[in-house]
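Q: My structure is stored as start-v9.txt, with compact mmCIF, C-alpha atoms.
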```txt
# COMPACT_ATOMS: atom_id res chain seq x y z
CA MET A 15 288.56 -32.90 73.33
CA ALA A 16 286.27 -32.33 76.35
CA THR A 17 284.94 -35.64 77.67
CA LEU A 18 282.42 -36.87 80.25
CA GLU A 19 283.25 -40.14 81.98
CA LEU A 20 281.34 -42.29 84.46
CA ASP A 21 283.55 -44.66 86.46
CA GLY A 22 285.96 -44.86 83.56
CA THR A 23 283.24 -45.32 80.95
CA LEU A 24 283.12 -42.62 78.27
CA ILE A 25 279.60 -41.13 78.23
CA ALA A 26 279.99 -38.11 75.94
CA GLU A 27 282.64 -36.02 74.23
CA LYS A 28 283.00 -32.98 72.03
CA ASP A 29 284.67 -33.42 68.64
CA ASN A 30 286.94 -30.92 66.93
CA ASN A 31 283.87 -29.12 65.53
CA ASN A 32 282.50 -28.65 69.05
CA LYS A 33 279.68 -31.14 68.44
CA ILE A 34 278.67 -33.49 71.26
CA ILE A 35 279.10 -37.20 70.54
CA SER A 36 277.05 -39.40 72.87
CA HIS A 37 278.21 -42.77 74.13
CA VAL A 38 275.30 -43.38 76.51
CA ASP A 39 274.80 -46.81 74.92
CA GLN A 40 277.96 -47.91 76.71
CA LEU A 41 276.04 -47.79 79.99
CA GLY A 42 274.42 -51.04 78.91
CA GLU A 43 277.74 -52.77 79.33
CA ALA A 44 277.63 -52.10 83.07
CA ASN A 45 274.44 -54.00 83.89
CA THR A 46 275.50 -55.40 87.25
CA GLY A 47 272.03 -55.71 88.77
CA ASP A 48 272.47 -52.72 91.05
CA GLY A 49 273.40 -50.43 88.18
CA ILE A 50 276.42 -48.19 87.93
CA LYS A 51 277.30 -46.54 91.22
CA LEU A 52 278.59 -42.98 91.09
CA ASN A 53 281.04 -42.41 93.90
CA ASN A 54 282.75 -39.05 93.42
CA SER A 55 283.61 -40.05 89.87
CA LEU A 56 281.61 -37.89 87.43
CA LYS A 57 284.40 -35.69 86.06
CA THR A 58 285.32 -33.18 83.40
CA SER A 59 288.18 -33.94 81.02
CA THR A 60 290.53 -32.17 83.43
CA GLY A 61 289.60 -34.60 86.18
CA THR A 62 287.52 -32.12 88.23
CA ASP A 63 284.59 -33.66 90.12
CA ILE A 64 281.22 -32.41 88.84
CA ILE A 65 279.22 -34.09 91.60
CA THR A 66 280.80 -34.92 94.91
CA SER A 67 277.90 -36.86 96.42
CA THR A 68 276.79 -40.37 95.62
CA GLY A 69 274.33 -40.94 92.77
CA SER A 70 273.56 -44.02 90.67
CA VAL A 71 272.49 -45.24 87.24
CA SER A 72 269.95 -48.04 87.18
CA PRO A 73 270.34 -51.08 84.93
CA GLN A 74 267.72 -49.47 82.68
CA GLY A 75 269.96 -46.45 82.25
CA SER A 76 268.11 -43.89 84.43
CA PHE A 77 270.48 -41.70 86.45
CA VAL A 78 269.67 -40.90 90.07
CA LEU A 79 271.08 -37.54 91.12
CA PRO A 80 272.33 -36.65 94.58
CA SER A 81 269.73 -34.56 96.42
CA VAL A 82 269.30 -31.99 99.18
CA THR A 83 266.12 -31.14 101.07
CA THR A 84 266.35 -27.33 100.90
CA GLU A 85 268.35 -24.69 99.07
CA SER A 86 270.12 -23.85 102.32
CA ASN A 87 271.69 -27.33 102.19
CA LEU A 88 273.43 -26.70 98.85
CA ASP A 89 277.20 -26.88 99.20
CA PRO A 90 278.69 -23.53 98.07
CA ASN A 91 282.01 -25.26 97.42
CA LEU A 92 280.76 -27.60 94.68
CA PRO A 93 282.47 -26.93 91.34
CA GLU A 94 280.79 -25.38 88.31
CA GLY A 95 278.77 -27.95 86.39
CA SER A 96 277.33 -29.62 89.50
CA LEU A 97 273.77 -30.93 89.07
CA ILE A 98 271.64 -31.51 92.17
CA TYR A 99 268.02 -32.51 92.85
CA LEU A 100 266.28 -30.13 95.28
CA GLN A 101 263.40 -31.80 97.11
CA ASP A 102 261.62 -28.61 98.28
CA ASP A 103 258.13 -27.70 96.93
CA GLY A 104 257.68 -30.44 94.38
CA GLY A 105 261.30 -30.80 93.28
CA ASP A 106 263.73 -28.82 91.17
CA LEU A 107 266.90 -29.53 89.23
CA ILE A 108 269.67 -27.16 90.33
CA PHE A 109 272.71 -26.48 88.14
CA LYS A 110 275.79 -24.53 89.21
CA ASP A 111 277.47 -22.23 86.70
CA GLN A 112 279.78 -19.23 87.04
CA GLY A 113 276.93 -17.17 88.49
CA GLY A 114 275.97 -19.73 91.11
CA TYR A 115 273.08 -22.16 91.41
CA LYS A 116 270.22 -21.97 88.86
CA LYS A 117 266.91 -23.85 88.71
CA LEU A 118 266.50 -25.84 85.50
CA THR A 119 262.88 -26.93 85.92
CA SER A 120 259.84 -24.80 85.05
CA PRO A 121 258.83 -22.31 87.75
CA LEU A 122 256.30 -23.66 90.23
CA GLY A 123 252.85 -22.47 89.16
CA SER A 124 253.59 -22.73 85.43
CA LEU A 125 251.79 -25.01 82.98
CA ASN A 126 254.55 -27.62 83.10
CA ASN A 127 254.89 -27.42 86.89
CA PRO A 128 251.51 -26.67 88.51
CA ALA A 129 251.43 -25.94 92.22
CA ALA A 130 249.29 -27.25 95.04
CA SER A 131 248.59 -23.69 96.20
CA ALA A 132 249.61 -20.08 95.78
CA THR A 133 251.48 -20.32 99.08
CA ALA A 134 253.68 -23.10 97.66
CA ILE A 135 254.61 -20.84 94.73
CA ILE A 136 255.68 -18.07 97.11
CA ASN A 137 257.67 -20.50 99.24
CA ALA A 138 259.46 -21.78 96.13
CA GLY A 139 260.46 -18.23 95.21
CA ASP A 140 258.54 -18.45 91.92
CA SER A 141 255.93 -15.73 92.47
CA THR A 142 255.86 -12.97 89.86
CA GLY A 143 253.18 -10.94 91.65
CA ASP A 144 249.38 -10.95 91.65
CA GLY A 145 247.85 -12.75 88.68
CA LEU A 146 247.21 -16.13 87.08
CA TYR A 147 249.05 -19.30 88.04
CA TYR A 148 248.49 -22.97 87.30
CA ILE A 149 247.13 -24.83 90.32
CA SER A 150 246.62 -28.58 90.63
CA SER A 151 243.17 -29.61 91.85
CA THR A 152 241.70 -33.04 92.45
CA SER A 153 240.04 -33.02 89.04
CA GLY A 154 242.81 -31.39 87.01
CA VAL A 155 245.05 -28.37 86.51
CA ILE A 156 243.43 -24.93 86.20
CA GLN A 157 244.51 -21.31 86.07
CA VAL A 158 243.65 -19.46 89.25
CA TYR A 159 243.89 -15.77 90.08
CA CYS A 160 246.25 -15.51 93.06
CA MET A 161 246.85 -12.51 95.31
CA MET A 162 250.54 -12.98 96.06
CA SER A 163 250.71 -9.55 97.69
CA TRP A 164 248.37 -10.98 100.37
CA GLY A 165 250.57 -13.99 100.96
CA GLY A 166 248.86 -16.39 98.56
CA TYR A 167 245.06 -16.12 98.59
CA MET A 168 243.30 -17.78 95.65
CA LEU A 169 240.07 -16.57 94.02
CA VAL A 170 237.44 -19.33 94.03
CA ALA A 171 234.21 -17.43 93.31
CA LYS A 172 232.78 -14.11 92.16
CA ILE A 173 229.25 -12.88 92.85
CA SER A 174 227.74 -10.22 90.61
CA ASN A 175 225.91 -7.11 91.77
CA GLN A 176 222.93 -8.09 89.65
CA ASN A 177 219.65 -9.44 91.00
CA ASN A 178 220.44 -12.96 89.82
CA THR A 179 219.47 -16.10 91.71
CA ASN A 180 222.70 -18.14 91.38
CA PHE A 181 224.04 -16.92 94.73
CA THR A 182 220.84 -16.12 96.60
CA TYR A 183 220.53 -18.21 99.75
CA SER A 184 218.74 -20.98 97.84
CA GLY A 185 220.82 -20.45 94.69
CA SER A 186 222.33 -23.56 93.10
CA TYR A 187 225.93 -22.31 93.00
CA TRP A 188 226.50 -22.64 96.75
CA SER A 189 226.02 -26.41 96.71
CA THR A 190 227.44 -27.25 93.29
CA SER A 191 230.25 -29.73 92.72
CA SER A 192 231.02 -28.63 89.18
CA PRO A 193 232.66 -25.45 87.83
CA GLN A 194 230.36 -22.57 86.92
CA ASN A 195 231.69 -20.14 84.28
CA GLU A 196 235.14 -21.18 85.50
CA THR A 197 237.23 -19.05 83.12
CA ASP A 198 235.50 -15.93 84.49
CA THR A 199 237.24 -16.55 87.83
CA GLN A 200 240.54 -15.85 86.08
CA ASN A 201 240.04 -12.06 86.15
CA LEU A 202 238.86 -9.41 88.60
CA THR A 203 236.07 -8.06 86.42
CA GLY A 204 232.71 -7.97 88.18
CA ASN A 205 229.12 -8.59 87.09
CA THR A 206 229.64 -12.33 86.65
CA ASP A 207 228.46 -15.20 88.82
CA CYS A 208 231.16 -17.86 88.65
CA LEU A 209 233.20 -20.33 90.66
CA ASN A 210 236.08 -22.69 89.95
CA ARG A 211 236.71 -26.23 91.18
CA LEU A 212 238.87 -25.05 94.08
CA TYR A 213 235.59 -23.88 95.63
CA TYR A 214 234.66 -27.47 96.38
CA GLU A 215 238.05 -29.23 96.18
CA TYR A 216 240.62 -27.08 98.02
CA PHE A 217 240.89 -27.56 101.79
CA ILE A 218 241.48 -24.23 103.50
CA GLN A 219 244.68 -23.98 105.54
CA VAL A 220 244.70 -20.34 106.68
CA GLY A 221 241.25 -18.85 106.10
CA PHE A 222 238.95 -16.77 103.90
CA ARG A 223 239.03 -13.25 102.58
CA PHE A 224 235.82 -11.67 101.31
CA SER A 225 235.99 -8.60 99.05
CA LEU A 226 233.04 -6.26 98.52
CA ASN A 227 232.84 -3.90 95.54
CA THR A 228 236.62 -3.68 95.18
CA VAL A 229 239.23 -6.40 95.74
CA SER A 230 241.07 -4.25 98.28
CA ASN A 231 237.96 -3.85 100.46
CA TYR A 232 238.09 -7.18 102.25
CA ILE A 233 237.51 -8.80 105.60
CA SER A 234 239.13 -12.04 106.77
CA ASP A 235 237.49 -14.96 108.55
CA THR A 236 238.36 -18.41 109.88
CA ALA A 237 235.12 -19.04 111.82
CA GLY A 238 237.20 -19.32 114.96
CA GLY A 239 239.36 -21.88 113.21
CA SER A 240 236.38 -24.06 112.27
CA ALA A 241 236.79 -23.21 108.57
CA LEU A 242 240.23 -24.80 108.44
CA ASN A 243 240.57 -28.16 106.69
CA LYS A 244 237.20 -27.60 105.07
CA THR A 245 236.35 -26.54 101.53
CA ALA A 246 234.55 -23.27 100.89
CA LYS A 247 231.51 -25.29 99.85
CA GLN A 248 231.50 -27.13 103.18
CA CYS A 249 231.65 -23.85 105.10
CA PHE A 250 228.75 -22.28 103.19
CA THR A 251 226.48 -25.32 103.11
CA GLY A 252 227.33 -27.30 106.26
CA SER A 253 226.52 -26.65 109.89
CA SER A 254 226.37 -23.01 110.94
CA LEU A 255 229.75 -21.50 111.86
CA THR A 256 230.25 -18.37 113.94
CA SER A 257 232.17 -15.54 112.26
CA ASP A 258 235.36 -14.01 113.65
CA ASN A 259 233.83 -10.61 112.79
CA ASN A 260 231.31 -8.52 114.71
CA ARG A 261 228.71 -5.91 113.80
CA SER A 262 231.28 -3.11 113.66
CA THR A 263 233.46 -4.98 111.14
CA PHE A 264 230.56 -5.76 108.80
CA LEU A 265 229.34 -2.15 108.94
CA SER A 266 232.84 -0.88 108.13
CA TRP A 267 233.03 -3.39 105.25
CA ILE A 268 229.94 -2.05 103.50
CA ASN A 269 230.81 1.54 104.45
CA ASN A 270 234.13 1.11 102.62
CA ALA A 271 232.25 -0.40 99.67
CA GLY A 272 230.41 2.90 99.26
CA THR A 273 227.28 2.78 101.44
CA SER A 274 227.25 4.65 104.74
CA SER A 275 227.00 2.36 107.75
CA SER A 276 224.55 4.84 109.29
CA ASN A 277 221.86 3.22 107.12
CA TRP A 278 221.76 0.44 109.72
CA ASP A 279 221.56 2.66 112.80
CA ASN A 280 217.93 1.64 113.31
CA GLN A 281 218.91 -2.07 113.11
CA ALA A 282 220.97 -2.40 116.26
CA ASN A 283 219.78 -5.80 117.47
CA CYS A 284 220.09 -9.55 116.85
CA ASN A 285 223.43 -9.16 114.97
CA HIS A 286 223.57 -12.84 114.05
CA THR A 287 226.89 -13.39 112.26
CA GLY A 288 228.49 -16.39 110.60
CA PHE A 289 228.48 -18.96 107.82
CA ASN A 290 225.18 -20.53 106.75
CA ILE A 291 223.18 -18.89 109.53
CA SER A 292 219.38 -18.96 109.72
CA GLY A 293 216.45 -18.12 111.96
CA SER A 294 212.84 -17.04 111.88
CA GLY A 295 212.23 -15.81 108.33
CA TYR A 296 215.93 -15.14 107.57
CA ALA A 297 219.08 -16.89 106.44
CA MET A 298 222.54 -16.04 105.12
CA ARG A 299 225.44 -17.95 103.54
CA TYR A 300 227.88 -15.47 105.05
CA GLY A 301 227.49 -12.18 106.88
CA ILE A 302 225.32 -10.50 109.51
CA ASN A 303 221.55 -10.36 110.00
CA MET A 304 220.00 -7.53 112.02
CA ASN A 305 216.72 -6.36 113.58
CA ASN A 306 215.28 -3.21 115.08
CA GLU A 307 213.50 -5.18 117.83
CA ALA A 308 215.52 -6.69 120.66
CA ASP A 309 215.38 -10.24 119.30
CA CYS A 310 215.97 -12.30 116.15
CA ALA A 311 212.30 -13.11 115.56
CA SER A 312 211.60 -10.60 112.77
CA ASN A 313 214.92 -9.54 111.23
CA ASP A 314 214.74 -6.86 108.55
CA SER A 315 218.28 -6.26 107.27
CA GLY A 316 221.60 -7.86 106.45
CA ILE A 317 225.10 -7.43 104.99
CA GLY A 318 227.05 -10.14 103.24
CA PHE A 319 226.56 -12.91 100.69
CA GLY A 320 223.46 -14.94 99.86
CA GLY A 321 221.04 -13.54 102.43
CA TYR A 322 217.39 -12.57 103.00
CA THR A 323 214.98 -11.50 105.74
CA ASN A 324 211.17 -11.44 106.14
CA TYR A 325 210.87 -14.52 103.88
CA GLN A 326 211.89 -12.38 100.88
CA TYR A 327 214.14 -15.03 99.39
CA THR A 328 214.95 -13.37 96.04
CA ALA A 329 214.42 -10.06 94.26
CA ALA A 330 211.14 -11.41 92.93
CA ASP A 331 209.86 -11.56 96.53
CA GLY A 332 210.91 -8.06 97.55
CA ILE A 333 213.84 -5.83 98.45
CA ARG A 334 215.10 -7.53 101.62
CA ASN A 335 217.71 -9.82 100.11
CA ALA A 336 220.97 -9.70 98.18
CA GLN A 337 223.37 -12.04 96.41
CA SER A 338 226.20 -9.78 97.52
CA GLY A 339 225.97 -6.50 99.44
CA GLY A 340 223.32 -5.41 101.90
CA TRP A 341 219.74 -4.27 102.46
CA ARG A 342 217.84 -2.38 105.09
CA TRP A 343 214.32 -1.62 106.33
CA SER A 344 212.53 1.73 106.72
CA SER A 345 212.77 2.55 103.97
CA ASP A 346 213.42 -0.69 102.08
CA VAL A 347 216.64 -0.33 100.06
CA ARG A 348 219.02 -2.90 98.56
CA TYR A 349 222.72 -2.07 98.15
CA PRO A 350 224.15 -4.64 95.69
CA TYR A 351 227.91 -4.94 95.16
CA ASN A 352 230.22 -7.33 93.36
CA GLY A 353 231.63 -9.92 95.74
CA PHE A 354 234.86 -11.98 95.66
CA ILE A 355 235.58 -15.12 97.70
CA TRP A 356 239.25 -15.93 98.37
CA VAL A 357 240.80 -18.89 100.18
CA LYS A 358 244.27 -19.73 101.46
```
Rewrite the structure of this file - the entire thing - as structure tokens.

A:
Amino acid sequence: MATLELDGTLIAEKDNNNKIISHVDQLGEANTGDGIKLNNSLKTSTGTDIITSTGSVSPQGSFVLPSVTTESNLDPNLPEGSLIYLQDDGGDLIFKDQGGYKKLTSPLGSLNNPAASATAIINAGDSTGDGLYYISSTSGVIQVYCMMSWGGYMLVAKISNQNNTNFTYSGSYWSTSSPQNETDTQNLTGNTDCLNRLYYEYFIQVGFRFSLNTVSNYISDTAGGSALNKTAKQCFTGSSLTSDNNRSTFLSWINNAGTSSSNWDNQANCNHTGFNISGSGYAMRYGINMNNEADCASNDSGIGFGGYTNYQYTAADGIRNAQSGGWRWSSDVRYPYNGFIWVK
């Protein structure tokens, strides 16, 4: 019969019908205070070592496996049947069979093994492409749409192309600390104002991406590095931050969304860019504010998220505002588009 022994103590065996008979209760006989020490002694019935590093069994019967810090530290010469604990990215059990080493735990980013970020999933080798993954937040585990093809950006908010007030400059969603239509952030369909808890709980490590009209039409921003180690909420509602992007980038952004940048040719001045910017009669959660006069005293147009000029705070006050998109003066036209806010 095949047997499994621990320091001479029979732990399990297969009977003649190939059924496993457990003798784990015999571990209780070895209560020495420090538990059973495994020193190159976990063997198959032929005497082959299964694990060649030191592990232990506590007096309570829990077995402590030998461990390595990264997959590159796994010994290729260990025999089949070796079981190792891999410390990388939250921990994995690694088993060696005829085909090599295999992970036994649930993939990182799954329900039973949520990840801290999309980047962690990629680093663990568990990405299956763009889509939904389980992410751990301060207040619980949620499904988040992750762009793995971008290196791990996570969708935290969507802004509709409707004339709603949720994401106008004074809209309540910017400063909220509770999810808003959270399940709607789990797809890329537009026309919904929504945000998930990562918006106010996840601290940005790399930066933002902002999509306009289509997901692929995006610009990136770190506010010169000032957005790092802040939440999205802190960036949009805290002290003003200067954007990495200039007038040309914002004009290209809306041009690629479907509105010719030439519509702002008569608005060549001011060009105030950034996060949570404001001035005389204008403000913006993110984007650029422009003027035809050579100052920022009477701005008339803008491109971005949550903005207005000429004290026209919402659609009820006039055309010169947008939740997401742009607007111009002479003639007054609004160009609304669906917006997507991504963080990494």

Q: If you count only C-alpha atoms, which residues fall within 10 Å of Thr256 in chain A, apart from same-chain ones fewer than 6 positions away, as a PDB file with C-alpha atoms, keeping the file's coordinate frame?

A:
```pdb
ATOM      1  CA  ASP A 235     237.490 -14.960 108.550  1.00  0.00           C
ATOM      2  CA  THR A 236     238.360 -18.410 109.880  1.00  0.00           C
ATOM      3  CA  ALA A 237     235.120 -19.040 111.820  1.00  0.00           C
ATOM      4  CA  GLY A 238     237.200 -19.320 114.960  1.00  0.00           C
ATOM      5  CA  GLY A 239     239.360 -21.880 113.210  1.00  0.00           C
ATOM      6  CA  SER A 240     236.380 -24.060 112.270  1.00  0.00           C
ATOM      7  CA  ALA A 241     236.790 -23.210 108.570  1.00  0.00           C
ATOM      8  CA  HIS A 286     223.570 -12.840 114.050  1.00  0.00           C
ATOM      9  CA  THR A 287     226.890 -13.390 112.260  1.00  0.00           C
ATOM     10  CA  GLY A 288     228.490 -16.390 110.600  1.00  0.00           C
ATOM     11  CA  PHE A 289     228.480 -18.960 107.820  1.00  0.00           C
ATOM     12  CA  ASN A 290     225.180 -20.530 106.750  1.00  0.00           C
ATOM     13  CA  ILE A 291     223.180 -18.890 109.530  1.00  0.00           C
ATOM     14  CA  TYR A 300     227.880 -15.470 105.050  1.00  0.00           C
ATOM     15  CA  GLY A 301     227.490 -12.180 106.880  1.00  0.00           C
TER      16      GLY A 301
END
```

Q: Just the residues within 9 Å of Tyr187 in chain A, please, counting only C-alpha atoms, with nothing from its chain fewer than 5 positions along; format it as number ranges by chain.

A: A: 180-182, 192, 194, 207-209

Q: Of the residues A:Leu242, A:Tyr349, A:Val229, A:Arg223, which is the one nearest to Asn277 in chain A, using only C-alpha atoms?

A: A:Tyr349

Q: Write out as a VMD selection string the residues lying within 10 Å of Leu125 in chain A, counting all atoms listed in the file and excluding same-chain residues fewer than 4 positions away.

A: chain A and resid 120 to 121 129 147 to 150 155 to 157

Q: Using all atoms listed in the file, which of A:Arg334, A:Ser276, A:Gly221, A:Gln281 sits nearest Ala308 in chain A?

A: A:Gln281

Q: Which is closer to Ser266 in chain A than all the others in A:Cys249, A:Ile233, A:Leu79, A:Ala282, using all atoms listed in the file?

A: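 Using all atoms listed in the file, Ser266 in chain A sits closest to A:Ile233.
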
Q: Quick one: pull the distance between CA of Gly332 in chain A and CA of Asn305 in chain A, Å, one decimal.

A: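 Result for CA of Gly332 in chain A versus CA of Asn305 in chain A: 17.1 Å, one decimal.
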
Q: Adding 5 Å on each side of the box along x, y and z that holds all listed atoms of range 197-210 of chain A, could you give its centre and edge lengths in Å to one decimal, as lines of an AutoDock Vina configuration file?

A:
```
center_x = 234.5
center_y = -15.3
center_z = 86.9
size_x = 22.1
size_y = 24.7
size_z = 17.5
```

Q: Interatomic distance between CA of Ser163 in chain A and CA of Asp106 in chain A?

A: 24.2 Å

Q: Could you work out how far CA of Asp309 in chain A lies from CA of Asn280 in chain A, giving the answer in Å with one decimal?

A: 13.5 Å

Q: Which one is closest to Phe217 in chain A: A:Val357, A:Ile302, A:Leu88, A:Leu146? Count only C-alpha atoms.

A: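 So, comparing all the options, the nearest one is A:Val357.
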
Q: Find, counting all atoms listed in the file, the residue in A:Leu255, A:Met298, A:Ile135, A:Ala246 that gets nearest to Thr190 in chain A.

A: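 Looking only at the distances to Thr190 in chain A, the closest residue turns out to be A:Ala246.
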
Q: Under the rule that only C-alpha atoms are counted, which of A:Tyr214, A:Thr142, A:Trp343, A:Gly293 is the nearest residue to Lys244 in chain A?

A: A:Tyr214

Q: Kindly assemble as a Markdown table a list of the range 98-187 of chain A residues that lie within 12 Å of range 318-322 of chain A, each paired with its nearest atom pair and their distance in Å to one decimal, using all atoms listed in the file, sorted first by chain and then by ascending residue number.

A:
```
| residue | atom | partner | partner_atom | distance |
| --- | --- | --- | --- | --- |
| A:Ala171 | CA | A:Phe319 | CA | 11.6 |
| A:Lys172 | CA | A:Phe319 | CA | 10.6 |
| A:Ile173 | CA | A:Phe319 | CA | 8.3 |
| A:Ser174 | CA | A:Phe319 | CA | 10.5 |
| A:Asn175 | CA | A:Phe319 | CA | 10.7 |
| A:Asn177 | CA | A:Gly320 | CA | 11.1 |
| A:Asn178 | CA | A:Gly320 | CA | 10.7 |
| A:Thr179 | CA | A:Gly320 | CA | 9.1 |
| A:Asn180 | CA | A:Gly320 | CA | 9.1 |
| A:Phe181 | CA | A:Gly320 | CA | 5.5 |
| A:Thr182 | CA | A:Gly320 | CA | 4.3 |
| A:Tyr183 | CA | A:Gly320 | CA | 4.4 |
| A:Ser184 | CA | A:Gly320 | CA | 7.9 |
| A:Gly185 | CA | A:Gly320 | CA | 8.0 |
| A:Ser186 | CA | A:Gly320 | CA | 11.0 |
| A:Tyr187 | CA | A:Gly320 | CA | 10.4 |
```
